[in-house]
$ cat structure23.txt   # compact mmCIF, C-alpha atoms and all ligand atoms
# COMPACT_ATOMS: atom_id res chain seq x y z
CA MET A 1 -54.46 32.01 -16.37
CA THR A 2 -56.12 35.00 -14.71
CA ALA A 3 -58.27 37.57 -16.44
CA SER A 4 -55.55 40.16 -16.49
CA SER A 5 -52.98 37.93 -18.05
CA SER A 6 -55.42 36.91 -20.78
CA ALA A 7 -56.05 40.57 -21.71
CA SER A 8 -54.29 42.02 -24.72
CA PRO A 9 -50.88 42.92 -23.35
CA ARG A 10 -50.71 46.30 -25.10
CA PRO A 11 -48.08 47.52 -25.17
CA PRO A 12 -46.33 44.18 -25.77
CA GLY A 13 -43.40 43.18 -23.58
CA GLN A 14 -40.82 45.92 -23.62
CA ALA A 15 -37.43 46.55 -22.18
CA PRO A 16 -37.24 46.06 -18.42
CA ALA A 17 -37.38 49.04 -16.13
CA GLY A 18 -34.52 51.34 -16.89
CA ARG A 19 -32.89 54.57 -15.96
CA GLN A 20 -35.12 56.51 -18.29
CA ASP A 21 -38.24 55.39 -16.47
CA CYS A 22 -37.24 56.78 -13.10
CA LEU A 23 -35.18 59.66 -14.38
CA PRO A 24 -33.09 60.49 -11.34
CA GLY A 25 -31.35 63.56 -12.75
CA ARG A 26 -31.16 62.14 -16.25
CA TYR A 27 -30.80 65.41 -18.05
CA ALA A 28 -27.90 67.83 -17.86
CA PRO A 29 -28.65 71.42 -16.80
CA TRP A 30 -28.20 72.72 -20.34
CA VAL A 31 -31.02 70.48 -21.59
CA ARG A 32 -33.33 71.84 -18.93
CA ILE A 33 -32.25 75.40 -19.75
CA LEU A 34 -33.06 74.79 -23.42
CA ALA A 35 -36.43 73.33 -22.49
CA MET A 36 -37.18 76.28 -20.22
CA ALA A 37 -36.20 78.70 -22.99
CA ALA A 38 -38.63 76.90 -25.31
CA PHE A 39 -41.44 77.24 -22.77
CA ILE A 40 -40.73 80.96 -22.31
CA TYR A 41 -40.72 81.41 -26.08
CA VAL A 42 -44.10 79.67 -26.41
CA VAL A 43 -45.68 81.73 -23.63
CA ALA A 44 -44.26 84.99 -25.06
CA ALA A 45 -45.54 84.10 -28.54
CA TYR A 46 -49.00 83.34 -27.15
CA LEU A 47 -49.08 86.65 -25.29
CA ASN A 48 -47.94 88.47 -28.43
CA ALA A 49 -50.69 86.88 -30.50
CA ARG A 50 -53.52 87.28 -27.98
CA VAL A 51 -52.67 90.21 -25.70
CA PHE A 52 -49.79 92.53 -26.59
CA HIS A 53 -49.60 92.41 -30.42
CA LEU A 54 -46.04 93.74 -30.25
CA LEU A 55 -45.02 91.93 -33.43
CA ALA A 56 -47.62 92.04 -36.17
CA ASP A 57 -47.82 92.58 -39.90
CA ALA A 58 -49.80 95.30 -41.67
CA ASP A 59 -53.02 93.28 -41.16
CA GLY A 60 -52.37 93.02 -37.45
CA GLN A 61 -51.47 89.33 -37.70
CA PRO A 62 -48.48 88.05 -35.72
CA PRO A 63 -45.68 86.40 -37.71
CA VAL A 64 -46.05 82.62 -37.75
CA TRP A 65 -42.83 82.18 -35.74
CA PHE A 66 -44.15 84.41 -32.91
CA SER A 67 -47.78 83.39 -32.73
CA GLN A 68 -49.81 80.56 -31.25
CA ALA A 69 -48.21 78.39 -33.94
CA SER A 70 -44.89 78.73 -32.07
CA GLU A 71 -46.03 75.94 -29.77
CA TYR A 72 -46.22 73.56 -32.73
CA LEU A 73 -42.77 74.61 -33.87
CA VAL A 74 -41.16 73.61 -30.58
CA ILE A 75 -43.22 70.40 -30.46
CA ALA A 76 -41.75 69.44 -33.84
CA VAL A 77 -38.16 70.28 -32.84
CA PHE A 78 -38.24 68.70 -29.40
CA GLY A 79 -40.37 65.86 -30.77
CA VAL A 80 -37.49 64.74 -32.98
CA TRP A 81 -35.24 64.77 -29.92
CA ARG A 82 -37.69 62.78 -27.84
CA VAL A 83 -38.30 60.15 -30.53
CA ILE A 84 -34.56 59.63 -30.99
CA ALA A 85 -33.85 59.60 -27.25
CA GLU A 86 -36.74 57.33 -26.27
CA ARG A 87 -35.63 53.79 -25.46
CA ASP A 88 -38.99 52.11 -25.07
CA ALA A 89 -40.43 50.95 -28.40
CA TYR A 90 -44.09 51.44 -27.46
CA THR A 91 -43.49 54.95 -26.16
CA ARG A 92 -41.46 55.79 -29.26
CA ARG A 93 -44.38 54.75 -31.47
CA ARG A 94 -46.73 56.75 -29.32
CA LEU A 95 -44.49 59.82 -29.58
CA VAL A 96 -44.19 59.53 -33.36
CA PHE A 97 -47.97 59.35 -33.64
CA LEU A 98 -48.49 62.15 -31.12
CA VAL A 99 -46.11 64.59 -32.81
CA ALA A 100 -47.40 63.72 -36.30
CA ALA A 101 -51.05 64.09 -35.19
CA VAL A 102 -50.40 67.39 -33.47
CA MET A 103 -48.59 68.77 -36.51
CA ALA A 104 -51.01 67.46 -39.15
CA PHE A 105 -54.36 67.52 -37.42
CA TRP A 106 -54.08 70.34 -34.94
CA TRP A 107 -51.80 72.74 -36.75
CA ALA A 108 -51.57 72.23 -40.52
CA THR A 109 -55.21 71.30 -41.19
CA PRO A 110 -56.84 74.36 -39.63
CA ALA A 111 -53.99 76.63 -40.77
CA TYR A 112 -53.78 75.60 -44.42
CA LEU A 113 -56.81 73.49 -45.29
CA ARG A 114 -59.96 75.52 -44.89
CA LEU A 115 -62.51 72.73 -44.71
CA PRO A 116 -66.14 73.36 -43.89
CA GLU A 117 -66.39 72.92 -40.17
CA PRO A 118 -69.52 71.30 -38.78
CA TYR A 119 -70.62 72.97 -35.61
CA ILE A 120 -73.22 72.29 -32.98
CA GLY A 121 -74.06 75.15 -30.72
CA ALA A 122 -75.31 78.68 -30.34
CA LEU A 123 -72.03 80.59 -30.22
CA PRO A 124 -71.30 82.18 -33.61
CA GLY A 125 -67.74 82.77 -34.73
CA ALA A 126 -66.07 80.25 -32.44
CA PRO A 127 -63.33 78.05 -33.88
CA LEU A 128 -64.78 74.79 -35.06
CA LEU A 129 -63.58 71.39 -36.25
CA PRO A 130 -60.83 70.28 -35.83
CA GLN A 131 -60.59 72.40 -32.69
CA LEU A 132 -61.31 69.63 -30.24
CA HIS A 133 -61.10 71.98 -27.32
CA THR A 134 -64.24 73.78 -28.39
CA PRO A 135 -67.35 72.46 -26.75
CA GLY A 136 -69.93 71.51 -29.32
CA THR A 137 -67.86 70.35 -32.26
CA LEU A 138 -68.25 67.00 -33.94
CA THR A 139 -64.65 66.17 -33.22
CA PHE A 140 -65.32 66.56 -29.57
CA PHE A 141 -68.21 64.11 -29.64
CA ALA A 142 -66.20 61.69 -31.76
CA ALA A 143 -63.43 61.88 -29.17
CA LEU A 144 -65.93 61.17 -26.40
CA LEU A 145 -67.06 58.00 -28.20
CA LEU A 146 -63.49 56.83 -28.78
CA ALA A 147 -62.61 57.52 -25.16
CA LEU A 148 -65.59 55.46 -24.04
CA LEU A 149 -64.47 52.51 -26.16
CA PHE A 150 -60.68 52.68 -25.85
CA GLY A 151 -60.03 54.95 -22.91
CA ARG A 152 -58.79 58.42 -22.33
CA ARG A 153 -55.51 57.42 -23.94
CA VAL A 154 -56.91 58.07 -27.44
CA ILE A 155 -56.57 61.77 -26.61
CA CYS A 156 -54.37 62.18 -23.55
CA GLY A 157 -51.81 59.60 -24.66
CA TRP A 158 -51.83 59.85 -28.43
CA ASN A 159 -53.48 62.94 -29.82
CA CYS A 160 -53.72 65.97 -27.55
CA PRO A 161 -52.08 69.21 -28.72
CA CYS A 162 -51.77 70.39 -25.13
CA VAL A 163 -49.83 67.34 -24.11
CA GLY A 164 -47.62 67.44 -27.21
CA ILE A 165 -45.47 70.11 -25.63
CA ARG A 166 -45.49 68.41 -22.24
CA GLU A 167 -44.35 65.08 -23.67
CA THR A 168 -41.58 66.69 -25.74
CA VAL A 169 -40.21 69.91 -24.23
CA GLY A 170 -41.61 69.08 -20.81
CA PHE A 171 -39.98 65.66 -20.66
CA ALA A 172 -36.81 67.27 -19.29
CA PHE A 173 -38.78 68.00 -16.10
CA ARG A 174 -40.56 64.68 -15.79
CA ASP A 175 -38.49 63.67 -12.78
CA ARG A 176 -39.93 66.65 -10.88
CA THR A 177 -43.39 65.08 -10.84
CA PRO A 178 -44.67 65.14 -7.25
CA ARG A 179 -45.78 61.67 -6.22
CA SER A 180 -46.57 62.15 -2.52
CA GLY A 181 -49.91 61.31 -0.96
CA LYS A 182 -50.64 65.03 -0.72
CA ALA A 183 -50.03 65.51 -4.45
CA TRP A 184 -52.35 62.59 -5.15
CA ARG A 185 -55.12 64.44 -3.29
CA TRP A 186 -54.62 67.55 -5.46
CA ARG A 187 -56.20 65.68 -8.38
CA HIS A 188 -59.61 66.84 -7.11
CA LEU A 189 -58.72 70.42 -8.05
CA LYS A 190 -59.82 69.78 -11.62
CA TRP A 191 -63.47 69.20 -10.76
CA PRO A 192 -64.33 72.91 -10.21
CA PHE A 193 -62.81 73.54 -13.65
CA PHE A 194 -64.86 70.70 -15.04
CA SER A 195 -68.05 72.15 -13.51
CA LEU A 196 -67.33 75.50 -15.12
CA TYR A 197 -66.63 73.80 -18.43
CA ALA A 198 -69.84 71.76 -18.27
CA GLY A 199 -71.82 74.90 -17.46
CA VAL A 200 -70.36 76.85 -20.37
CA ALA A 201 -70.80 73.90 -22.73
CA ALA A 202 -74.48 73.71 -21.73
CA MET A 203 -74.89 77.45 -22.35
CA ILE A 204 -73.37 77.05 -25.81
CA LEU A 205 -75.63 74.17 -26.73
CA ILE A 206 -78.84 75.93 -25.68
CA PRO A 207 -79.80 78.72 -28.10
CA GLY A 208 -80.66 82.09 -26.66
CA VAL A 209 -78.84 81.91 -23.32
CA PRO A 210 -77.76 85.47 -22.44
CA GLY A 211 -74.08 86.17 -21.74
CA VAL A 212 -72.80 83.07 -23.53
CA SER A 213 -70.00 84.92 -25.34
CA THR A 214 -68.73 86.47 -22.09
CA ALA A 215 -68.95 83.16 -20.26
CA TYR A 216 -67.05 81.46 -23.08
CA ARG A 217 -64.28 84.06 -23.00
CA VAL A 218 -63.98 83.87 -19.21
CA PHE A 219 -63.76 80.11 -19.47
CA LEU A 220 -61.03 80.25 -22.12
CA GLY A 221 -59.08 82.74 -19.99
CA LEU A 222 -59.37 80.51 -16.94
CA VAL A 223 -58.08 77.58 -18.99
CA ALA A 224 -55.27 79.49 -20.72
CA LEU A 225 -53.82 81.05 -17.56
CA PRO A 226 -53.02 77.81 -15.69
CA TYR A 227 -52.17 76.11 -18.98
CA PHE A 228 -49.28 78.45 -19.70
CA ALA A 229 -48.40 78.97 -16.03
CA SER A 230 -47.97 75.21 -15.66
CA LEU A 231 -45.44 75.22 -18.51
CA LEU A 232 -43.30 77.81 -16.74
CA LEU A 233 -43.65 76.00 -13.41
CA SER A 234 -42.61 72.61 -14.84
CA PRO A 235 -39.24 72.62 -13.01
CA PHE A 236 -41.21 72.61 -9.74
CA ILE A 237 -44.38 70.65 -10.53
CA GLY A 238 -43.33 68.24 -13.29
CA ASN A 239 -44.50 68.10 -16.90
CA ARG A 240 -47.99 66.69 -16.45
CA ALA A 241 -49.28 68.92 -13.64
CA TYR A 242 -51.91 70.56 -15.83
CA CYS A 243 -53.26 67.18 -16.92
CA ARG A 244 -53.26 65.89 -13.37
CA PHE A 245 -54.72 68.78 -11.46
CA LEU A 246 -56.59 71.18 -13.71
CA CYS A 247 -57.55 70.12 -17.22
CA PRO A 248 -61.36 70.12 -17.57
CA TYR A 249 -61.18 68.12 -20.81
CA GLY A 250 -59.04 65.51 -19.12
CA ALA A 251 -61.70 65.34 -16.40
CA THR A 252 -64.33 64.73 -19.07
CA PHE A 253 -62.33 61.95 -20.65
CA GLY A 254 -61.64 60.62 -17.16
CA LEU A 255 -65.36 60.22 -16.52
CA LEU A 256 -65.58 58.18 -19.72
CA ASN A 257 -62.65 56.09 -18.52
CA ARG A 258 -64.69 55.42 -15.42
CA ILE A 259 -67.90 54.31 -17.20
CA GLY A 260 -66.31 52.88 -20.37
CA PHE A 261 -64.35 49.76 -21.28
CA PHE A 262 -60.82 50.92 -20.49
CA GLN A 263 -58.92 49.26 -17.65
CA VAL A 264 -55.38 48.77 -16.40
CA ARG A 265 -55.33 45.28 -14.92
CA LEU A 266 -52.77 43.87 -12.51
CA ASP A 267 -52.09 40.15 -12.27
CA ARG A 268 -51.56 39.69 -8.54
CA GLU A 269 -49.88 36.32 -9.01
CA ARG A 270 -47.21 37.81 -11.23
CA CYS A 271 -46.69 41.09 -9.38
CA ALA A 272 -43.36 41.22 -7.53
CA ASP A 273 -44.43 44.24 -5.44
CA CYS A 274 -41.43 46.22 -6.63
CA GLY A 275 -43.19 49.59 -6.97
CA GLN A 276 -41.69 50.40 -10.36
CA CYS A 277 -45.14 51.16 -11.80
CA ASP A 278 -45.72 53.87 -9.19
CA ARG A 279 -42.37 55.47 -9.96
CA VAL A 280 -43.02 55.82 -13.70
CA CYS A 281 -46.62 57.03 -13.60
CA ASP A 282 -46.69 60.73 -14.46
CA MET A 283 -50.24 60.99 -13.15
CA GLY A 284 -49.06 59.90 -9.69
CA ILE A 285 -51.52 57.00 -9.50
CA PRO A 286 -50.81 54.49 -6.69
CA ILE A 287 -50.92 51.60 -9.16
CA ARG A 288 -49.29 48.98 -6.97
CA GLU A 289 -51.55 49.59 -3.98
CA GLN A 290 -54.76 49.72 -6.01
CA GLY A 291 -53.77 46.89 -8.32
CA ARG A 292 -52.76 44.52 -5.54
CA ALA A 293 -55.98 45.26 -3.66
CA ALA A 294 -58.45 45.10 -6.56
CA GLY A 295 -56.63 43.50 -9.48
CA LYS A 296 -56.86 46.74 -11.42
CA VAL A 297 -56.26 50.48 -11.21
CA VAL A 298 -59.35 51.69 -9.39
CA SER A 299 -58.78 55.41 -10.03
CA ILE A 300 -58.94 54.71 -13.74
CA GLU A 301 -60.34 58.19 -14.43
CA GLU A 302 -56.83 59.53 -13.73
CA CYS A 303 -55.05 57.22 -16.19
CA MET A 304 -54.10 58.89 -19.44
CA GLY A 305 -53.02 55.62 -20.98
CA CYS A 306 -49.34 56.31 -21.60
CA GLY A 307 -48.49 52.64 -21.07
CA ARG A 308 -45.31 53.41 -19.13
CA CYS A 309 -46.33 51.27 -16.15
CA ILE A 310 -46.98 48.31 -18.44
CA ALA A 311 -43.78 48.71 -20.41
CA SER A 312 -41.76 49.16 -17.21
CA CYS A 313 -43.16 46.29 -15.16
CA PRO A 314 -40.36 43.73 -14.84
CA ALA A 315 -42.89 40.96 -14.09
CA LYS A 316 -45.21 41.85 -17.00
CA ALA A 317 -48.05 41.88 -14.51
CA LEU A 318 -49.89 44.86 -15.96
CA SER A 319 -52.04 45.09 -19.07
CA PHE A 320 -54.55 47.34 -20.79
CA ARG A 321 -58.10 46.29 -21.52
CA ASP A 322 -60.62 48.07 -23.72
CA ALA A 323 -63.68 47.41 -25.87
CA ARG A 324 -61.70 45.08 -28.14
CA ASP A 325 -60.97 42.73 -25.25
CA VAL A 326 -64.64 42.65 -24.25
CA LEU A 327 -65.63 41.87 -27.83
CA ARG A 328 -63.02 39.13 -28.14
CA ALA A 329 -64.01 37.60 -24.82
CA ARG A 330 -67.67 37.42 -25.90
CA THR A 331 -67.02 36.06 -29.39
CA PRO A 332 -67.75 32.30 -29.56
CA ARG A 333 -64.71 30.27 -30.63
CA ASP A 334 -64.93 27.32 -32.96
CA ALA A 335 -61.83 25.59 -31.68
CA GLY A 336 -62.57 23.04 -29.00
CA LEU A 337 -66.18 22.38 -29.96
CA ALA A 338 -67.07 18.80 -29.04
CA ARG A 339 -68.09 16.54 -31.90
S1 LIG B 1 -55.56 66.03 -19.54
FE1 LIG B 1 -56.12 67.72 -20.92
S2 LIG B 1 -54.17 68.66 -21.56
FE2 LIG B 1 -53.71 66.66 -20.67
S3 LIG B 1 -53.63 65.29 -22.42
FE3 LIG B 1 -55.72 65.16 -21.59
S4 LIG B 1 -56.94 66.66 -22.73
FE4 LIG B 1 -54.75 67.12 -23.10
S1 LIG B 2 -47.21 45.59 -11.16
FE1 LIG B 2 -45.12 45.26 -11.92
S2 LIG B 2 -44.06 47.21 -11.59
FE2 LIG B 2 -45.93 47.25 -10.34
S3 LIG B 2 -45.29 46.53 -8.32
FE3 LIG B 2 -46.03 44.73 -9.47
S4 LIG B 2 -44.19 43.87 -10.44
FE4 LIG B 2 -43.64 45.95 -9.80
S1 LIG B 3 -51.51 54.07 -14.79
FE1 LIG B 3 -49.94 53.45 -16.31
S2 LIG B 3 -50.88 53.90 -18.30
FE2 LIG B 3 -52.04 55.04 -16.73
S3 LIG B 3 -51.08 57.04 -16.63
FE3 LIG B 3 -50.08 55.80 -15.07
S4 LIG B 3 -48.25 54.93 -16.10
FE4 LIG B 3 -49.63 55.71 -17.72
$ encode --input "structure23.txt" --output "structure tokens" --more "lines below"
Ligand code: SF4
Ligand code: SF4
Ligand code: SF4
Amino acid sequence: MTASSSASPRPPGQAPAGRQDCLPGRYAPWVRILAMAAFIYVVAAYLNARVFHLLADADGQPPVWFSQASEYLVIAVFGVWRVIAERDAYTRRRLVFLVAAVMAFWWATPAYLRLPEPYIGALPGAPLLPQLHTPGTLTFFAALLLALLFGRRVICGWNCPCVGIRETVGFAFRDRTPRSGKAWRWRHLKWPFFSLYAGVAAMILIPGVPGVSTAYRVFLGLVALPYFASLLLSPFIGNRAYCRFLCPYGATFGLLNRIGFFQVRLDRERCADCGQCDRVCDMGIPIREQGRAAGKVVSIEECMGCGRCIASCPAKALSFRDARDVLRARTPRDAGLAR
């Protein structure tokens, strides 16, 4: 038995590759129109809350249904649809967890449970825990540790508010994901964003740096603009374009994928060279080529750990590995000891 086949086969054997995995025109136009309407609603609500303030109460606060909370509303509604429609058991579990985590941890906790929020940094007044996407919070460092041990999937697959809408509403446009060699090269676009993010994070962590508030606002603007633009462009660039090409946080987690314990292994003896894994990967990773050459996905920094390639492989040649597998492999076994 090879190393890859002895790894924990998470997710466990699932249904063979199916129509849903490749999605050649799976959804009727009215579903896509509904999804597009939801995206437009979310973008309009964000602009109302942050820029135009067209709808606001006497205190200047936007109504909850036309504020930044609108994104969570559509995640809940479309999340129910996605969970019911999903045919793969592992992905269904992941979606249930993702939608529940987004609603409970990212929306309800900061909105209704005013907990003391530990904060590391020199920028007063910034949103704190559990705002993961704020450099310098304890949640962020906890996420870094988890990503090191178990891979980027702990956030990008299971618990990211930004991907909640892309995995639910955006799923109607998943078949538009560009998977050409040119699109694969576009992944490098995120590194300038990452550099900016790292620079601003360093400014925040060092007390007394001048211009930190301005730099922080510029950074947030540069993140928000492509974030919402990518929602509206989903019919042309697929649902995961922001994750693939721009997200500076995804780049951070990707670096931890690279130096940490997470792997996607390919058993070359089992692989039937069918290419199904390439067709289902929303990050456009050339899994078959890399896996057959090296026995694993080499560009592991790009893998957000959705598990679709593993669940879809008809030969069950793919598997995840993480810190648990390393620990198990190094734990002495009693069975088989010679007397
Ligand atoms: S790449 Fe960014 S937006 Fe996408 S799931 Fe990861 S952290 Fe969220
Ligand atoms: S790893 Fe599985 S899905 Fe990918 S090419 Fe091999 S047999 Fe096909
Ligand atoms: S390599 Fe597999 S687990 Fe990683 S993003 Fe692609 S389909 Fe998902």
$ residues_around --input "structure23.txt" --residues "Tyr249 of chain A" --least-positions-apart "5" --cutoff "9 Å" --atoms "only C-alpha atoms" --output "PyMOL selection string"
chain A and resi 133+194+197+243+254
$ residues_near_ligand --input "structure23.txt" --ligand "ligand LIG 2 (chain B)" --cutoff "7 Å" --atoms "all atoms listed in the file" --output "list in words"
Leu266, Arg270, Cys271, Ala272, Asp273, Cys274, Gly275, Gln276, Cys277, Asp278, Ile287, Arg288, Cys309, Ser312, Cys313, Pro314, Ala315, Lys316, Ala317 and Leu318 of chain A
$ atom_distance --input "structure23.txt" --atom1 "atom CA of Arg292 of chain A" --atom2 "atom S3 of ligand LIG 3 (chain B)"
16.8 Å
$ closest_residue --input "structure23.txt" --among "A:Ala45, A:Val64, A:Ile285, A:Ile75" --to "Ser180 of chain A" --atoms "only C-alpha atoms"
A:Ile285
$ residues_near_ligand --input "structure23.txt" --ligand "ligand LIG 3 (chain B)" --cutoff "7 Å" --atoms "all atoms listed in the file" --output "list in words"
Val264, Cys277, Val280, Cys281, Asp282, Met283, Gly284, Ile285, Ile287, Val297, Glu302, Cys303, Met304, Gly305, Cys306, Gly307, Arg308, Cys309 and Ile310 of chain A
$ residues_near_ligand --input "structure23.txt" --ligand "ligand LIG 1 (chain B)" --cutoff "9 Å" --atoms "all atoms listed in the file" --output "JSON, numbers by chain"
{"A": [133, 152, 153, 155, 156, 157, 158, 159, 160, 161, 162, 163, 164, 166, 227, 240, 241, 242, 243, 244, 245, 246, 247, 248, 249, 250, 251, 252, 253, 254, 302, 304]}
$ axis_aligned_box --input "structure23.txt" --around "segment 152-167 of chain A" --padding-each-side "5 Å" --output "AutoDock Vina command-line options"
--center_x -51.6 --center_y 63.9 --center_z -26.0 --size_x 24.4 --size_y 23.0 --size_z 17.6
$ residues_around --input "structure23.txt" --residues "Thr91 of chain A" --least-positions-apart "4" --cutoff "9 Å" --atoms "only C-alpha atoms" --output "list in words"
Pro11, Val83, Glu86, Arg87, Leu95, Val96, Cys306, Gly307, Arg308 and Ala311 of chain A
$ closest_residue --input "structure23.txt" --among "A:Leu54, A:Ala294, A:Val99, A:Val218" --to "Ile165 of chain A" --atoms "only C-alpha atoms"
A:Val99
$ residues_around --input "structure23.txt" --residues "Leu196 of chain A" --least-positions-apart "2" --cutoff "10 Å" --atoms "only C-alpha atoms" --output "VMD selection string"
chain A and resid 191 to 194 198 to 202 215 to 216 218 to 219 222 248
$ atom_distance --input "structure23.txt" --atom1 "atom CA of Phe320 of chain A" --atom2 "atom CA of Gln263 of chain A"
5.7 Å
$ atom_distance --input "structure23.txt" --atom1 "atom CA of Arg174 of chain A" --atom2 "atom CA of Val31 of chain A"
12.6 Å
$ closest_residue --input "structure23.txt" --among "A:Ala100, A:Glu301, A:Met203, A:Arg324" --to "Arg187 of chain A" --atoms "only C-alpha atoms"
A:Glu301
$ residues_near_point --input "structure23.txt" --point "(-54.5, 76.2, -35.2)" --cutoff "10 Å" --atoms "only C-alpha atoms" --output "list in words"
Gln68, Ala69, Tyr72, Val102, Met103, Phe105, Trp106, Trp107, Ala108, Thr109, Pro110, Ala111, Tyr112, Pro127, Pro130, Gln131 and Pro161 of chain A
$ write_last_selection --input "structure23.txt" --atoms "C-alpha atoms" --output "CSV table (one decimal), keeping the file's coordinate frame"
chain,number,residue,atom,x,y,z
A,68,GLN,CA,-49.8,80.6,-31.2
A,69,ALA,CA,-48.2,78.4,-33.9
A,72,TYR,CA,-46.2,73.6,-32.7
A,102,VAL,CA,-50.4,67.4,-33.5
A,103,MET,CA,-48.6,68.8,-36.5
A,105,PHE,CA,-54.4,67.5,-37.4
A,106,TRP,CA,-54.1,70.3,-34.9
A,107,TRP,CA,-51.8,72.7,-36.8
A,108,ALA,CA,-51.6,72.2,-40.5
A,109,THR,CA,-55.2,71.3,-41.2
A,110,PRO,CA,-56.8,74.4,-39.6
A,111,ALA,CA,-54.0,76.6,-40.8
A,112,TYR,CA,-53.8,75.6,-44.4
A,127,PRO,CA,-63.3,78.0,-33.9
A,130,PRO,CA,-60.8,70.3,-35.8
A,131,GLN,CA,-60.6,72.4,-32.7
A,161,PRO,CA,-52.1,69.2,-28.7
$ residues_around --input "structure23.txt" --residues "Ser234 of chain A" --least-positions-apart "4" --cutoff "8 Å" --atoms "all atoms listed in the file" --output "ChimeraX atom specification"
/A:170,173,176,230,238-239,241
$ closest_residue --input "structure23.txt" --among "A:Ala28, A:Ile300, A:Val51, A:Val326" --to "Leu255 of chain A" --atoms "only C-alpha atoms"
A:Ile300
$ residues_near_point --input "structure23.txt" --point "(-37.3, 61.2, -29.5)" --cutoff "12 Å" --atoms "all atoms listed in the file" --output "PyMOL selection string"
chain A and resi 75-89+91-99+167-169+171-172
